[in-house]
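Colleague: Next comes the structure file query-v4.txt, holding compact mmCIF, C-alpha atoms.
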# COMPACT_ATOMS: atom_id res chain seq x y z
CA MET A 61 51.16 15.98 -28.78
CA LYS A 62 53.67 13.33 -28.01
CA ARG A 63 55.41 15.81 -25.76
CA TYR A 64 52.39 16.05 -23.52
CA PHE A 65 51.49 12.40 -23.59
CA GLY A 66 53.39 11.57 -20.42
CA GLN A 67 51.82 14.41 -18.49
CA ILE A 68 48.31 13.54 -19.68
CA THR A 69 48.81 9.98 -18.53
CA VAL A 70 49.96 11.14 -15.13
CA VAL A 71 47.02 13.52 -14.74
CA ALA A 72 44.55 10.87 -15.85
CA GLY A 73 46.12 8.42 -13.43
CA ILE A 74 45.72 10.88 -10.57
CA LEU A 75 42.08 11.51 -11.51
CA VAL A 76 41.33 7.80 -11.52
CA ALA A 77 43.03 7.38 -8.16
CA VAL A 78 41.15 10.34 -6.66
CA SER A 79 37.76 9.14 -7.84
CA ALA A 80 38.47 5.61 -6.63
CA THR A 81 39.32 6.99 -3.19
CA ALA A 82 36.13 9.06 -3.21
CA GLN A 83 34.15 5.95 -4.10
CA ALA A 84 35.79 4.00 -1.28
CA ASN A 85 34.96 6.83 1.12
CA LEU A 86 31.33 6.63 0.12
CA GLU A 87 31.13 2.87 0.42
CA GLY A 88 32.10 3.10 4.09
CA PRO A 89 29.01 5.01 5.23
CA VAL A 90 26.68 2.81 3.14
CA LYS A 91 28.20 -0.29 4.76
CA ALA A 92 28.05 1.27 8.23
CA ARG A 93 24.38 2.23 8.04
CA LYS A 94 23.47 -1.20 6.71
CA GLN A 95 25.28 -2.81 9.61
CA HIS A 96 23.41 -0.52 11.96
CA MET A 97 20.17 -1.84 10.45
CA GLN A 98 21.46 -5.42 10.90
CA LEU A 99 21.92 -4.74 14.59
CA TYR A 100 18.32 -3.50 14.83
CA GLY A 101 17.21 -6.67 13.05
CA PHE A 102 19.18 -9.01 15.31
CA ASN A 103 17.73 -7.51 18.49
CA LEU A 104 14.20 -7.27 17.08
CA GLY A 105 14.58 -10.94 16.18
CA THR A 106 15.38 -11.96 19.74
CA LEU A 107 12.25 -10.20 20.99
CA GLY A 108 10.04 -11.09 18.02
CA ASP A 109 10.85 -14.80 18.12
CA MET A 110 9.96 -14.87 21.81
CA ALA A 111 6.73 -12.97 21.11
CA LYS A 112 5.77 -15.47 18.39
CA GLY A 113 6.62 -18.43 20.61
CA ASP A 114 9.36 -19.56 18.22
CA ARG A 115 11.88 -19.23 21.01
CA GLU A 116 11.57 -19.68 24.75
CA TYR A 117 11.13 -16.46 26.69
CA ASP A 118 14.25 -15.46 28.60
CA ALA A 119 13.84 -12.32 30.69
CA ALA A 120 17.53 -11.40 30.76
CA LEU A 121 17.98 -11.88 27.01
CA ALA A 122 14.81 -9.96 26.22
CA GLN A 123 15.95 -7.12 28.44
CA ALA A 124 19.38 -7.06 26.82
CA ALA A 125 17.88 -6.93 23.32
CA ALA A 126 15.50 -4.13 24.27
CA ASP A 127 18.27 -2.15 25.97
CA ARG A 128 20.41 -2.45 22.85
CA LEU A 129 17.54 -1.20 20.69
CA VAL A 130 17.29 1.84 22.94
CA ALA A 131 21.03 2.48 22.62
CA LEU A 132 21.10 1.92 18.86
CA SER A 133 18.20 4.27 18.19
CA ALA A 134 19.72 6.93 20.44
CA MET A 135 22.99 7.01 18.49
CA THR A 136 23.60 9.96 16.23
CA GLN A 137 23.51 9.06 12.56
CA ALA A 138 25.72 11.99 11.59
CA GLY A 139 28.06 10.99 8.78
CA TYR A 140 25.96 7.97 7.75
CA TYR A 141 24.35 9.76 4.80
CA PRO A 142 26.93 11.89 2.96
CA ALA A 143 25.97 13.41 -0.40
CA GLY A 144 26.46 10.96 -3.24
CA THR A 145 25.17 7.88 -1.38
CA SER A 146 21.53 7.80 -2.48
CA SER A 147 20.00 4.87 -4.34
CA ASP A 148 20.26 6.93 -7.55
CA GLU A 149 23.99 7.30 -7.10
CA MET A 150 25.15 3.99 -5.64
CA GLU A 151 24.09 0.52 -6.61
CA ASP A 152 24.32 -0.84 -3.08
CA SER A 153 22.25 1.95 -1.57
CA ARG A 154 18.50 1.73 -0.97
CA ALA A 155 18.30 5.20 0.60
CA LEU A 156 16.00 7.17 -1.69
CA PRO A 157 17.14 10.68 -2.74
CA VAL A 158 14.16 12.20 -0.88
CA LEU A 159 15.68 11.04 2.42
CA PHE A 160 18.65 13.35 1.89
CA GLU A 161 16.27 16.32 1.56
CA GLN A 162 14.34 15.43 4.70
CA MET A 163 16.94 14.55 7.29
CA ASP A 164 14.97 16.39 10.00
CA ASP A 165 12.01 14.09 9.45
CA TYR A 166 14.34 11.11 9.45
CA GLN A 167 15.70 12.18 12.83
CA ALA A 168 12.15 12.69 14.13
CA LEU A 169 11.19 9.18 13.02
CA THR A 170 14.35 7.77 14.63
CA ASN A 171 13.34 9.52 17.85
CA GLU A 172 9.95 7.79 17.64
CA LEU A 173 11.70 4.46 17.20
CA ASN A 174 13.73 5.31 20.29
CA ALA A 175 10.52 6.01 22.23
CA ALA A 176 9.07 2.65 21.13
CA ALA A 177 12.32 0.92 22.18
CA GLU A 178 12.17 2.66 25.58
CA ALA A 179 8.60 1.42 26.06
CA MET A 180 9.75 -2.11 25.27
CA ALA A 181 12.80 -1.86 27.52
CA ALA A 182 10.67 -0.70 30.45
CA VAL A 183 8.83 -4.05 30.54
CA ALA A 184 10.80 -6.55 28.41
CA GLY A 185 11.97 -8.43 31.51
CA ASP A 186 8.48 -8.70 32.99
CA GLY A 187 7.10 -11.51 30.85
CA VAL A 188 6.45 -12.61 27.30
CA GLU A 189 3.01 -10.92 27.29
CA GLN A 190 4.74 -7.57 27.74
CA VAL A 191 7.07 -8.28 24.84
CA GLN A 192 4.10 -9.29 22.68
CA ALA A 193 2.23 -6.11 23.58
CA ASN A 194 5.12 -3.89 22.46
CA MET A 195 6.23 -5.63 19.25
CA GLN A 196 3.63 -3.92 17.09
CA ALA A 197 4.69 -0.37 17.96
CA LEU A 198 8.34 -1.26 17.52
CA GLY A 199 7.81 -2.83 14.09
CA GLN A 200 5.61 0.02 12.93
CA ALA A 201 8.29 2.52 13.96
CA CYS A 202 10.67 0.76 11.53
CA GLY A 203 8.05 0.92 8.78
CA ALA A 204 7.46 4.63 9.34
CA CYS A 205 10.89 5.32 7.84
CA HIS A 206 10.86 2.58 5.21
CA GLU A 207 7.52 3.84 3.88
CA ASP A 208 8.95 6.89 2.14
CA TYR A 209 12.71 6.64 2.37
CA ARG A 210 13.71 3.11 1.34
CA LYS A 211 13.79 1.97 -2.26
CA PRO A 212 11.78 -1.21 -2.92
CA ARG A 213 13.80 -4.34 -3.60
CA GLU A 214 14.32 -5.10 -7.29
CA MET B 179 -27.10 15.71 -49.65
CA ARG B 180 -28.60 12.29 -49.20
CA LEU B 181 -25.15 10.92 -48.37
CA ILE B 182 -24.70 13.54 -45.64
CA LEU B 183 -28.09 12.63 -44.19
CA TRP B 184 -27.30 8.94 -44.15
CA THR B 185 -23.87 9.58 -42.65
CA SER B 186 -25.36 11.77 -39.90
CA ALA B 187 -28.03 9.20 -39.18
CA ALA B 188 -25.43 6.46 -38.98
CA ALA B 189 -23.24 8.55 -36.68
CA LEU B 190 -26.22 9.28 -34.43
CA GLY B 191 -27.08 5.61 -34.39
CA ILE B 192 -23.56 4.64 -33.39
CA ALA B 193 -23.52 7.33 -30.69
CA ALA B 194 -26.85 6.11 -29.32
CA ALA B 195 -25.61 2.52 -29.31
CA LEU B 196 -22.39 3.58 -27.55
CA TRP B 197 -24.37 5.50 -24.99
CA ALA B 198 -26.63 2.54 -24.39
CA VAL B 199 -23.67 0.21 -23.88
CA THR B 200 -21.57 2.50 -21.72
CA VAL B 201 -24.22 4.21 -19.57
CA PRO B 202 -23.58 3.48 -15.85
CA ALA B 203 -25.54 0.60 -14.37
CA PRO B 204 -28.71 1.41 -12.41
CA LEU B 205 -28.05 2.77 -8.95
CA ALA B 206 -28.62 0.80 -5.78
CA ASP B 207 -31.92 1.38 -4.04
CA ALA B 208 -31.40 3.86 -1.20
CA ALA B 209 -34.19 2.25 0.80
CA ALA B 210 -32.26 -1.04 0.82
CA LEU B 211 -29.45 0.52 2.88
CA PRO B 212 -29.82 0.03 6.62
CA GLN B 213 -29.12 2.85 9.07
CA GLY B 214 -25.35 2.87 9.58
CA ASP B 215 -23.49 2.63 12.89
CA SER B 216 -20.40 4.87 12.92
CA GLU B 217 -18.54 2.85 15.56
CA ALA B 218 -18.80 -0.35 13.53
CA GLY B 219 -17.97 1.76 10.50
CA ALA B 220 -14.55 2.65 11.90
CA ARG B 221 -13.57 -1.02 11.64
CA VAL B 222 -14.91 -1.29 8.07
CA PHE B 223 -13.06 1.90 7.19
CA ALA B 224 -9.81 0.46 8.57
CA ALA B 225 -10.29 -2.90 6.84
CA ALA B 226 -11.05 -1.15 3.54
CA GLY B 227 -7.93 1.02 3.89
CA CYS B 228 -9.74 4.17 2.73
CA ALA B 229 -7.34 6.47 4.54
CA SER B 230 -4.27 4.89 2.92
CA CYS B 231 -5.09 6.73 -0.30
CA HIS B 232 -7.40 9.55 0.72
CA VAL B 233 -5.43 11.32 3.45
CA ALA B 234 -3.18 14.06 2.12
CA PRO B 235 0.40 12.88 1.54
CA ASP B 236 2.88 13.59 4.37
CA THR B 237 0.28 14.17 7.06
CA GLU B 238 0.78 13.00 10.63
CA GLU B 239 -1.44 10.07 11.45
CA ASP B 240 -2.52 11.19 14.90
CA GLY B 241 -6.22 11.83 15.45
CA PRO B 242 -9.11 11.18 13.06
CA PRO B 243 -8.05 11.10 9.40
CA VAL B 244 -8.62 14.21 7.26
CA LEU B 245 -9.61 12.81 3.87
CA SER B 246 -8.59 15.79 1.77
CA GLY B 247 -6.97 13.63 -0.95
CA GLY B 248 -4.11 14.69 -3.18
CA GLU B 249 -1.98 11.52 -3.15
CA ALA B 250 -0.67 10.88 -6.67
CA PHE B 251 -0.63 7.41 -8.25
CA GLU B 252 1.58 7.11 -11.29
CA THR B 253 0.52 4.32 -13.64
CA ALA B 254 0.98 3.29 -17.26
CA PHE B 255 -2.28 5.12 -18.04
CA GLY B 256 -1.24 8.42 -16.46
CA THR B 257 -1.37 9.93 -12.99
CA PHE B 258 -4.43 9.49 -10.79
CA TYR B 259 -5.03 11.83 -7.84
CA ALA B 260 -7.06 10.63 -4.87
CA PRO B 261 -9.98 13.06 -4.43
CA ASN B 262 -11.26 14.81 -1.33
CA ILE B 263 -13.85 12.50 0.29
CA SER B 264 -14.16 14.41 3.55
CA PRO B 265 -17.65 15.56 4.65
CA ASP B 266 -17.13 19.09 3.27
CA ALA B 267 -20.22 20.00 1.23
CA ALA B 268 -18.31 21.81 -1.53
CA ALA B 269 -14.92 20.08 -1.79
CA GLY B 270 -15.90 16.66 -0.45
CA LEU B 271 -19.04 14.54 -0.35
CA GLY B 272 -20.89 16.21 2.52
CA ASP B 273 -24.07 16.75 0.53
CA TRP B 274 -24.19 13.31 -1.08
CA THR B 275 -26.83 10.84 0.06
CA ASP B 276 -25.75 7.54 1.65
CA ALA B 277 -26.82 5.70 -1.50
CA GLN B 278 -24.73 8.03 -3.69
CA ILE B 279 -21.62 7.31 -1.61
CA VAL B 280 -22.25 3.56 -1.64
CA ASN B 281 -22.80 3.65 -5.41
CA ALA B 282 -19.51 5.45 -5.89
CA VAL B 283 -17.62 2.96 -3.72
CA MET B 284 -19.27 -0.28 -4.88
CA HIS B 285 -20.14 0.47 -8.50
CA GLY B 286 -17.84 3.32 -9.51
CA VAL B 287 -20.72 5.63 -10.43
CA SER B 288 -20.78 9.34 -9.47
CA PRO B 289 -23.92 11.10 -8.18
CA ALA B 290 -24.21 12.75 -11.62
CA GLY B 291 -24.13 9.31 -13.24
CA ALA B 292 -20.58 9.32 -14.64
CA HIS B 293 -18.15 6.41 -14.42
CA TYR B 294 -15.22 6.52 -12.04
CA PHE B 295 -11.91 4.98 -13.06
CA PRO B 296 -10.99 1.73 -11.30
CA SER B 297 -8.16 3.49 -9.47
CA LEU B 298 -10.97 3.52 -6.90
CA PRO B 299 -11.03 -0.26 -6.29
CA TYR B 300 -14.77 -0.77 -6.76
CA THR B 301 -13.82 -4.05 -8.45
CA ALA B 302 -13.16 -5.25 -4.87
CA TYR B 303 -15.71 -3.17 -2.96
CA VAL B 304 -18.49 -4.47 -5.22
CA LYS B 305 -18.28 -7.60 -3.03
CA ALA B 306 -18.78 -5.62 0.19
CA ARG B 307 -21.90 -6.12 2.32
CA PRO B 308 -24.36 -3.19 2.10
CA ASP B 309 -24.71 -3.06 5.90
CA ASP B 310 -20.92 -2.69 6.20
CA MET B 311 -21.03 0.08 3.60
CA ALA B 312 -23.80 1.86 5.51
CA ASP B 313 -21.67 1.68 8.69
CA MET B 314 -18.64 2.97 6.77
CA VAL B 315 -20.65 5.94 5.46
CA ALA B 316 -21.90 6.73 8.98
CA TYR B 317 -18.28 6.78 10.18
CA LEU B 318 -17.16 8.87 7.19
CA ARG B 319 -19.68 11.56 8.17
CA THR B 320 -18.08 11.91 11.63
CA LEU B 321 -14.65 12.81 10.20
CA PRO B 322 -13.31 16.38 9.88
CA ALA B 323 -14.23 18.33 6.73
CA SER B 324 -11.50 19.72 4.48
CA GLU B 325 -11.96 22.53 1.96
CA VAL B 326 -8.99 21.45 -0.17
CA PRO B 327 -10.31 20.94 -3.72
CA SER B 328 -9.75 17.64 -5.53
CA GLN B 329 -7.21 17.63 -8.35
CA PRO B 330 -8.22 16.33 -11.78
CA HIS B 331 -6.47 13.14 -12.96
CA ASP B 332 -3.73 13.61 -15.52
CA LEU B 333 -4.35 10.81 -18.03
CA ALA B 334 -3.37 10.32 -21.66
CA PHE B 335 -6.00 9.90 -24.37
CA PRO B 336 -7.89 7.57 -24.67
CA PHE B 337 -7.58 6.55 -21.00
CA ASN B 338 -9.09 9.88 -19.91
CA GLN B 339 -12.44 8.95 -21.53
CA ARG B 340 -14.74 7.97 -18.68
CA TRP B 341 -17.40 6.53 -20.98
CA LEU B 342 -14.92 3.85 -22.04
CA MET B 343 -15.36 2.42 -18.54
CA GLY B 344 -18.77 1.38 -19.82
CA PHE B 345 -16.96 -1.25 -21.88
CA TRP B 346 -14.38 -2.01 -19.23
CA LYS B 347 -16.79 -2.70 -16.39
CA PRO B 348 -18.71 -5.59 -18.00
CA LEU B 349 -15.34 -7.23 -18.71
CA PHE B 350 -13.61 -6.75 -15.38
CA LEU B 351 -16.09 -5.70 -12.71
CA ARG B 352 -17.04 -9.09 -11.25
CA ASP B 353 -19.00 -9.48 -8.06
CA TYR B 354 -18.23 -13.14 -7.45
CA TRP B 355 -15.57 -14.60 -5.16
CA VAL B 356 -12.27 -15.69 -6.66
CA VAL B 357 -11.89 -18.47 -4.08
CA PRO B 358 -15.09 -20.51 -4.26
CA ASP B 359 -17.24 -21.69 -1.35
CA SER B 360 -15.90 -25.21 -1.84
CA VAL B 361 -12.46 -23.96 -0.74
CA ALA B 362 -13.61 -21.27 1.70
CA ASP B 363 -15.74 -23.79 3.56
CA ASP B 364 -15.92 -22.42 7.10
CA ASP B 365 -16.74 -19.10 8.79
CA THR B 366 -13.11 -18.16 9.37
CA LEU B 367 -12.13 -18.73 5.75
CA ARG B 368 -15.16 -16.80 4.52
CA ARG B 369 -14.38 -13.91 6.82
CA GLY B 370 -10.79 -13.99 5.53
CA ARG B 371 -12.02 -14.10 1.96
CA TYR B 372 -14.27 -11.11 2.61
CA LEU B 373 -11.39 -9.14 4.16
CA VAL B 374 -8.88 -10.01 1.41
CA GLU B 375 -11.05 -10.01 -1.72
CA ALA B 376 -13.59 -7.31 -0.81
CA LEU B 377 -12.66 -4.76 1.85
CA GLY B 378 -8.87 -5.17 1.93
CA HIS B 379 -8.64 -5.13 -1.89
CA CYS B 380 -5.29 -6.97 -1.62
CA GLY B 381 -5.61 -8.19 -5.20
CA GLU B 382 -5.33 -4.63 -6.53
CA CYS B 383 -1.57 -4.72 -5.96
CA HIS B 384 -0.75 -8.41 -5.44
CA THR B 385 -2.46 -9.71 -8.61
CA PRO B 386 -1.07 -9.01 -12.09
CA ARG B 387 -3.16 -7.07 -14.63
CA ASN B 388 -3.79 -7.59 -18.32
CA ALA B 389 -3.12 -4.99 -21.02
CA LEU B 390 -6.47 -3.30 -20.32
CA GLY B 391 -5.76 -2.98 -16.62
CA GLY B 392 -8.11 -5.78 -15.60
CA LEU B 393 -7.04 -8.11 -12.79
CA ARG B 394 -5.94 -11.55 -13.93
CA VAL B 395 -7.94 -13.73 -11.57
CA ASP B 396 -6.23 -16.78 -13.09
CA ALA B 397 -3.06 -15.55 -11.37
CA TRP B 398 -4.78 -14.41 -8.16
CA LEU B 399 -2.37 -12.93 -5.58
CA THR B 400 0.69 -14.36 -7.34
CA GLY B 401 2.50 -11.00 -7.40
CA ALA B 402 2.68 -8.20 -9.94
CA GLU B 403 4.64 -5.32 -11.33
CA ASN B 404 4.73 -2.38 -8.96
CA PRO B 405 2.48 0.22 -10.66
CA SER B 406 4.83 2.95 -9.45
CA GLY B 407 7.61 1.30 -11.48
CA GLU B 408 10.07 0.43 -8.71
CA GLY B 409 10.52 -3.21 -7.73
CA ARG B 410 7.86 -5.88 -7.70
CA ILE B 411 4.87 -6.56 -5.47
CA PRO B 412 5.41 -10.06 -4.03
CA GLY B 413 3.11 -13.01 -4.53
CA ILE B 414 1.36 -14.14 -1.34
CA THR B 415 -0.01 -17.59 -2.19
CA PRO B 416 1.60 -20.56 -0.38
CA ALA B 417 3.68 -21.20 -3.52
CA GLN B 418 5.49 -17.87 -3.12
CA LEU B 419 5.21 -17.24 0.59
CA ASP B 420 6.35 -20.10 2.80
CA TRP B 421 6.01 -18.21 6.09
CA SER B 422 4.28 -19.92 9.02
CA ALA B 423 0.86 -18.70 10.14
CA GLY B 424 2.58 -17.05 13.11
CA ASP B 425 5.02 -15.27 10.80
CA ILE B 426 2.23 -13.86 8.62
CA ARG B 427 0.25 -12.80 11.68
CA ALA B 428 3.27 -10.95 13.08
CA TYR B 429 3.96 -9.29 9.73
CA LEU B 430 0.39 -8.09 9.24
CA THR B 431 0.40 -6.27 12.57
CA SER B 432 4.02 -5.17 13.03
CA GLY B 433 5.41 -5.16 9.50
CA LEU B 434 8.33 -7.34 10.64
CA THR B 435 9.31 -10.25 8.38
CA PRO B 436 10.63 -13.59 9.71
CA ASP B 437 14.13 -12.20 9.04
CA TYR B 438 13.28 -9.04 10.97
CA ASP B 439 13.45 -6.80 8.00
CA SER B 440 10.47 -4.43 7.94
CA ALA B 441 7.71 -3.62 5.50
CA GLY B 442 8.34 -0.62 3.29
CA GLY B 443 6.55 1.50 0.70
CA SER B 444 2.78 1.39 0.43
CA MET B 445 2.50 -1.80 2.56
CA VAL B 446 3.36 0.29 5.62
CA ALA B 447 0.05 2.17 5.44
CA VAL B 448 -1.77 -1.14 4.93
CA ILE B 449 -0.23 -2.63 8.09
CA ASP B 450 -1.08 0.52 9.99
CA LYS B 451 -4.76 -0.15 9.16
CA LEU B 452 -4.64 -3.95 9.66
CA ALA B 453 -3.14 -3.43 13.11
CA GLN B 454 -6.42 -1.71 14.09
CA LEU B 455 -8.47 -4.84 13.36
CA PRO B 456 -9.39 -7.42 16.01
CA GLU B 457 -7.15 -10.50 16.26
CA ASP B 458 -9.89 -12.72 14.84
CA ASP B 459 -9.81 -10.74 11.60
CA ILE B 460 -6.03 -11.11 11.27
CA ASP B 461 -6.36 -14.86 11.93
CA ALA B 462 -9.05 -15.05 9.23
CA ILE B 463 -6.80 -13.32 6.69
CA VAL B 464 -3.96 -15.72 7.54
CA ALA B 465 -6.28 -18.74 7.17
CA TYR B 466 -7.46 -17.49 3.77
CA LEU B 467 -3.89 -16.91 2.50
CA LYS B 468 -2.87 -20.38 3.70
CA ALA B 469 -5.85 -21.92 1.88
CA LEU B 470 -5.02 -20.33 -1.47
CA PRO B 471 -4.22 -22.82 -4.23
CA GLU B 472 -0.50 -23.09 -4.95
CA ALA B 473 -0.82 -22.30 -8.62
CA GLY B 474 -2.82 -19.16 -8.03
CA GLN B 475 -5.72 -20.73 -9.90
CA PRO B 476 -8.64 -21.48 -7.58
Write the structure described by the file as structure tokens, please.
Modeller:
Amino acid sequence: MKRYFGQITVVAGILVAVSATAQANLEGPVKARKQHMQLYGFNLGTLGDMAKGDREYDAALAQAAADRLVALSAMTQAGYYPAGTSSDEMEDSRALPVLFEQMDDYQALTNELNAAAEAMAAVAGDGVEQVQANMQALGQACGACHEDYRKPRE
Amino acid sequence: MRLILWTSAAALGIAAALWAVTVPAPLADAAALPQGDSEAGARVFAAAGCASCHVAPDTEEDGPPVLSGGEAFETAFGTFYAPNISPDAAAGLGDWTDAQIVNAVMHGVSPAGAHYFPSLPYTAYVKARPDDMADMVAYLRTLPASEVPSQPHDLAFPFNQRWLMGFWKPLFLRDYWVVPDSVADDDTLRRGRYLVEALGHCGECHTPRNALGGLRVDAWLTGAENPSGEGRIPGITPAQLDWSAGDIRAYLTSGLTPDYDSAGGSMVAVIDKLAQLPEDDIDAIVAYLKALPEAGQP
């Protein structure tokens, strides 16, 4: 037994190192997709605060925010959701396991968000009334995904 | 022999007493229901959120809702399945009278005279106005029929005993307002109260329940366990929710929070329905929520 002790230690050490690397590799995508959501939130906030009257309407800023929402929702999300990153598997993740089985639907819902962002971008610079008129569709497009695919907060 | 007789008589007596206590309350008078208007009914239907539970899960929401049912609700008592309430004569309620439908919705009584479980929120709908219910029924009859049969609930004994609702209803089926007239003292607040307490049945999720599944009106809208087990349903009285009126208004129509996070889970379907209501109704709901007592005890 003693003879093998050194080898066992080495093997165990390698295993620990490998699994730690795997864990680190999975934390990256979880962080990235959360940051993507943060960017949605920041730009929705610019538009939403103007719509609510909490912030003065600024045509150029509104247009910029809407354009960014179009770009963000057009980006491919490939690589954001590798196996092993569901809410069942990682503490930081709120992506329910069912999402990983229905990526086609997820993409379809993202396309709908993109369409809502396009509708906003077409008129965001034309006045606060236009921003107000398009907030509802934009917000509901976010909810369409969070309805079935996001784990409720603890 | 005499003992057996006495025992049988006693058993019969107890059964008769049980039947007398638990028999469904008398049905509403059909003649009292006005002729419904389906256009007005669409708004009642949206405010009451009927489609949130009764459309089949995972159906696209374009076009008129197909109320074929099938959505599962997992609770501590077992799993409830929303039934088919489309106008199909066999699978749905196509051959029910208006009064039978209104009785089911407002009193939890089936056309055959059996109790429904309060998974159908008749504890809220009991406060609905009969003319609104007549409009809702008229609208319901315009929707597409579905032949998909309803699934039976999957409940553990003794919760699967419908007659037990005969004891439950006198305890928890209350037709009075939680927020009294002295607080809801103008038309806007009363409209808001009607939308929140009656049609919108917000208390069903946002108010905690006691061990028997009755709503704790002493903790009205102060938040509750999520019946599906995950997370917690937030409290929405001013003590828990410090959002401005504008923030609540924006949330109820877009689902976006003041931090620009979005609604998730079952609230998404609620917002989808609220967004169909006129602005005045949303303002009334906001006014009501803002007027709620801080402690949750009106």
Colleague: For a quick check of understanding, using all atoms listed in the file, which of B:Gly413, B:Asp273, B:Glu375, B:Pro235 has the smallest distance to chain A?
Modeller: B:Pro235
Colleague: Just need the box for segment 145-154 of chain A, edges along x, y and z, holding every atom the file lists for it with 4 Å tacked onto each side, so centre and edge lengths in Å to one decimal, as AutoDock Vina command-line options.
Modeller:
--center_x 21.8 --center_y 3.5 --center_z -4.3 --size_x 14.7 --size_y 16.7 --size_z 14.6
Colleague: Return as an MDAnalysis selection string the residues belonging to chain A that are within 12 Å of chain B, counting all atoms listed in the file.
Modeller: chainID A and resid 94 97:114 147 154:156 162 165 168:169 192:214
Colleague: What separation in Å, quoted to one decimal, exists between atom CA of Lys305 of chain B and atom CA of Leu470 of chain B?
Modeller: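 Going from atom CA of Lys305 of chain B over to atom CA of Leu470 of chain B covers 18.4 Å.
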Colleague: What lies within 10 Å of Ala143 of chain A using all atoms listed in the file, ignoring chain neighbours under 5 positions off, as a count of residues only?
Modeller: 4
Colleague: So that I can check the surroundings of segment 242-245 of chain B, please list as a PyMOL selection string every protein, DNA and RNA residue that reaches within 12 Å of it, counting all atoms listed in the file and ignoring chain neighbours fewer than 4 positions away.
Modeller: chain B and resi 220+223-224+227-238+249+260-266+269-272+317-328+451
Colleague: Interatomic distance between atom CA of Glu172 of chain A and atom CA of Asp186 of chain A?
Modeller: 22.6 Å
Colleague: What is the atom CA of Glu87 of chain A-atom CA of Asp152 of chain A distance in Å, reported with one decimal?
Modeller: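 Interatomic distance, atom CA of Glu87 of chain A to atom CA of Asp152 of chain A: 8.5 Å.
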Colleague: Which is closest to Gly185 of chain A among A:Leu132, A:Ala138, A:Met150, A:Ala125, if we use only C-alpha atoms?
Modeller: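 Checking each of A:Leu132, A:Ala138, A:Met150, A:Ala125 against Gly185 of chain A, counting only C-alpha atoms, the winner is A:Ala125.
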Colleague: So, with all atoms listed in the file as the atoms that count, which of B:Thr366, B:Ser186, B:Thr257, B:Gln454 lies closest to Pro330 of chain B?
Modeller: B:Thr257
Colleague: I want to know what sits within 12 Å of Val374 of chain B, based on only C-alpha atoms, with residues of the same chain fewer than 2 positions away left out; could you give that as a compact mmCIF listing (two decimals) with C-alpha atoms, keeping the file's coordinate frame?
Modeller:
# COMPACT_ATOMS: atom_id res chain seq x y z
CA ALA B 225 -10.29 -2.90 6.84
CA ALA B 226 -11.05 -1.15 3.54
CA GLY B 227 -7.93 1.02 3.89
CA ALA B 302 -13.16 -5.25 -4.87
CA TYR B 303 -15.71 -3.17 -2.96
CA LYS B 305 -18.28 -7.60 -3.03
CA ALA B 306 -18.78 -5.62 0.19
CA TRP B 355 -15.57 -14.60 -5.16
CA VAL B 356 -12.27 -15.69 -6.66
CA VAL B 357 -11.89 -18.47 -4.08
CA LEU B 367 -12.13 -18.73 5.75
CA ARG B 368 -15.16 -16.80 4.52
CA ARG B 369 -14.38 -13.91 6.82
CA GLY B 370 -10.79 -13.99 5.53
CA ARG B 371 -12.02 -14.10 1.96
CA TYR B 372 -14.27 -11.11 2.61
CA ALA B 376 -13.59 -7.31 -0.81
CA LEU B 377 -12.66 -4.76 1.85
CA GLY B 378 -8.87 -5.17 1.93
CA HIS B 379 -8.64 -5.13 -1.89
CA CYS B 380 -5.29 -6.97 -1.62
CA GLY B 381 -5.61 -8.19 -5.20
CA GLU B 382 -5.33 -4.63 -6.53
CA CYS B 383 -1.57 -4.72 -5.96
CA HIS B 384 -0.75 -8.41 -5.44
CA THR B 385 -2.46 -9.71 -8.61
CA TRP B 398 -4.78 -14.41 -8.16
CA LEU B 399 -2.37 -12.93 -5.58
CA ILE B 414 1.36 -14.14 -1.34
CA VAL B 448 -1.77 -1.14 4.93
CA LEU B 452 -4.64 -3.95 9.66
CA ASP B 459 -9.81 -10.74 11.60
CA ILE B 460 -6.03 -11.11 11.27
CA ASP B 461 -6.36 -14.86 11.93
CA ALA B 462 -9.05 -15.05 9.23
CA ILE B 463 -6.80 -13.32 6.69
CA VAL B 464 -3.96 -15.72 7.54
CA ALA B 465 -6.28 -18.74 7.17
CA TYR B 466 -7.46 -17.49 3.77
CA LEU B 467 -3.89 -16.91 2.50
CA LEU B 470 -5.02 -20.33 -1.47
